[in-house]
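Structure first, then comments.
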Amino acid sequence: MKKTTIALLLLSLTFFNQSALAAMSLDKIILYLDDTPDARQDIVVTNPDPETLYLRTEIFRVDNPGQPDERRLRVVDPKEFKLLASPSKAVLASGERKRFRLMSLERGLEQEKVYRVTFRPVVGDIKTERTALKILVAYQALVFVQPKDGQYQLELEDSDGGWVIKNTGNINVEITDLKHCTDTGECHSIEGGGRLYAGAGKVLDSNISGGFLELLARGRETRKLQLPLK
C-alpha cells in the first residue's frame with residue numbers, strides 16, 4: 001500500500017514526556033480522471049491508529065505545473081470548484097476504513113488540469129494524564145483531469161551541446177529507466193527521469209551523442225520508447 005507524506009507536522013504542545021501519532025493510510029495517491037460527465041474515482045482511507053481520527057480534505061489547484069512559475073492555490077470559493085471531494089470531513093474510529101469520492105466537473109479540456117487533494121488530520125483528544133505531544137501527519141493525492149483524447153509527446157532538443165527532453169503534448173508523463181544506446185545496441189543508464197507535465201522540459205544530466213535514448217513512459221499505461229539522438 002503506497003503512502004506519501006507531505007512536509008506537515010503540527011505540534012500541539014512544546015514540551016512532552018509522551019507522544020501520540022495520528023496515523024492513516026491511503027490505498028492510492030495518483031488518480032486519473034477524464035473531462036467527461038460523472039468522471040470519478042474513490043480513495044479509501046484507513047485509520048490503523050488506536051485513537052479516533054478526525055479528518056478533513058482540502059483541494060488545491062496547480063497552475064502551470066512543472067514550470068518555474070508553478071503555483072498551488074487552495075480552492076475555497078464554491079464557484080471555482082471543478083473537483084469535488086465527498087465527504088469533506090469524516091471521523092474514523094480505530095481500524096475503520098472510509099471511502100472518499102473525487103469527482104471532476106471539468107469539461108472539454110484542451111490541456112489536462114492538475115489538482116492536489118490533502119487529507120489532513122485535525123486535533124482530537126489525547127487520553128493521557130501526562131503532558132503529551134500529538135503529531136498530525138497529512139497525506140496528499142495527486143489528481144490529473146485529462147482531455148478525453150489527451151496524449152503526451154516526447155521530443156529531444158539539442159541545447160548548447162546538451163540534450164533536453166520535452167513534452168509537447170497536452171497531458172503529463174513520467175519517464176523512468178533512461179538509457180543511452182549506441183547504433184551497435186550497447187546501452188548504459190543515464191540520469192534525468194521524472195514527471196514531465198505538458199509543455200515542460202528536463203535537461204538530461206549526461207553528455208551523450210549518436211544512437212538513441214530508450215526510456216519507459218508511464219501514464220495510465222506504460223510504454224517503452226526510443227528517441228533518436230540526431
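Following the order of the C-alpha cells, first chain is A, next is B, and so on, with residues numbered from 1 inside each chain and ligands from 1 in the order they appear.
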
Return as an NGL selection string the full set of residues in region 18-175 of chain A whose backbone-based DSSP assignment is strand (DSSP E).
:A and (18-22 or 25-26 or 30-34 or 40-46 or 53-63 or 71-74 or 83-86 or 89-92 or 97-104 or 113-122 or 132-146 or 154-159 or 162-167 or 173-175)

Skipping near chain neighbours, those fewer than 3 positions away, what residues fall within 6 Å of region 92-96 of chain A using only C-alpha atoms, listed as a ChimeraX atom specification?
/A:46-53

Take the residues from that selection and put them in a file with C-alpha atoms, as a JSON list (two decimals), in the first residue's frame.
```json
[["chain", "number", "residue", "atom", "x", "y", "z"],
["A", 46, "THR", "CA", -7.78, 3.61, 6.77],
["A", 47, "ASN", "CA", -7.13, 4.51, 10.39],
["A", 48, "PRO", "CA", -4.72, 1.93, 11.90],
["A", 49, "ASP", "CA", -4.15, 4.08, 14.99],
["A", 50, "PRO", "CA", -5.73, 3.18, 18.34],
["A", 51, "GLU", "CA", -7.04, 6.75, 18.57],
["A", 52, "THR", "CA", -10.02, 8.15, 16.67],
["A", 53, "LEU", "CA", -9.02, 10.03, 13.52]]
```

Considering only C-alpha atoms, can you say which of A:Lys224, A:Arg56, A:Arg218, A:Arg97 comes closest to Val122 (chain A)?
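Among the listed residues, the smallest separation from Val122 (chain A) belongs to A:Arg56.
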
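Residue nearest Arg71 (chain A) within the list A:Leu31, A:Leu136, A:Val123, A:Val114: A:Val114 [criterion: smallest interatomic distance, only C-alpha atoms].
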
So that I can see what lies close to region 199-208 of chain A, please list as an MDAnalysis selection string the residues with an atom at most 6 Å from it, counting only C-alpha atoms and leaving out residues fewer than 2 positions away in the same chain.
chainID A and resid 163:168 191:192 196:197

Contacts of Leu178 (chain A) at 12 Å (only C-alpha atoms; same-chain gap of 3+ positions) as JSON, numbers by chain:
{"A": [165, 174, 175, 181, 187, 188, 189, 190, 191, 192, 193, 194, 204, 205, 206, 212, 213, 214, 215, 216, 217, 224, 225, 226, 227]}

Give me the residues near Asn170 (chain A) as a list of chain:residue names, where near means some atom within 7 Å (using only C-alpha atoms) and where sequence neighbours in that chain fewer than 3 positions away do not count.
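So, after excluding close chain neighbours, the residues are A:Gln111, A:Glu112, A:Gly150, A:Gln151, A:Tyr152, A:Ala198.
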
Just the selected residues (N, CA, C and O atoms), exported as a compact mmCIF listing (two decimals), in the first residue's frame, please.
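Wrote it out as result20.txt, contents follow:
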```txt
# COMPACT_ATOMS: atom_id res chain seq x y z
N GLN A 111 -6.09 20.99 -22.40
CA GLN A 111 -4.90 20.51 -21.71
C GLN A 111 -5.31 20.05 -20.32
O GLN A 111 -6.25 20.59 -19.74
N GLU A 112 -4.61 19.06 -19.79
CA GLU A 112 -5.01 18.48 -18.51
C GLU A 112 -4.95 19.51 -17.38
O GLU A 112 -4.16 20.47 -17.42
N GLY A 150 -6.49 12.98 -24.78
CA GLY A 150 -5.20 13.59 -24.46
C GLY A 150 -4.03 12.65 -24.75
O GLY A 150 -4.14 11.43 -24.63
N GLN A 151 -2.91 13.24 -25.13
CA GLN A 151 -1.70 12.47 -25.42
C GLN A 151 -0.47 13.26 -24.97
O GLN A 151 -0.44 14.48 -25.04
N TYR A 152 0.55 12.54 -24.51
CA TYR A 152 1.85 13.17 -24.31
C TYR A 152 2.66 12.97 -25.59
O TYR A 152 2.41 12.07 -26.39
N ALA A 198 2.73 18.76 -19.34
CA ALA A 198 2.54 19.29 -20.68
C ALA A 198 3.28 20.62 -20.82
O ALA A 198 3.12 21.53 -20.00
```

One decimal place gives the CA of Gln146 (chain A)-CA of Asp35 (chain A) separation as 5.9 Å

Nearest to Asp177 (chain A) by atom-to-atom distance, counting only C-alpha atoms, from A:Phe144, A:Lys82, A:Thr222, A:Leu156:
A:Thr222

For Gln41 (chain A), the nearest of the candidates A:Phe119, A:Gly185, A:Arg74, A:Leu83, counting only C-alpha atoms
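Smallest distance to Gln41 (chain A) is found for A:Leu83.
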
Rank nothing, just name the residue among A:Ile171, A:Leu102, A:Ala23, A:Ile29 nearest to Val137 (chain A), using only C-alpha atoms.
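Nearest candidate to Val137 (chain A) out of A:Ile171, A:Leu102, A:Ala23, A:Ile29: A:Ala23.
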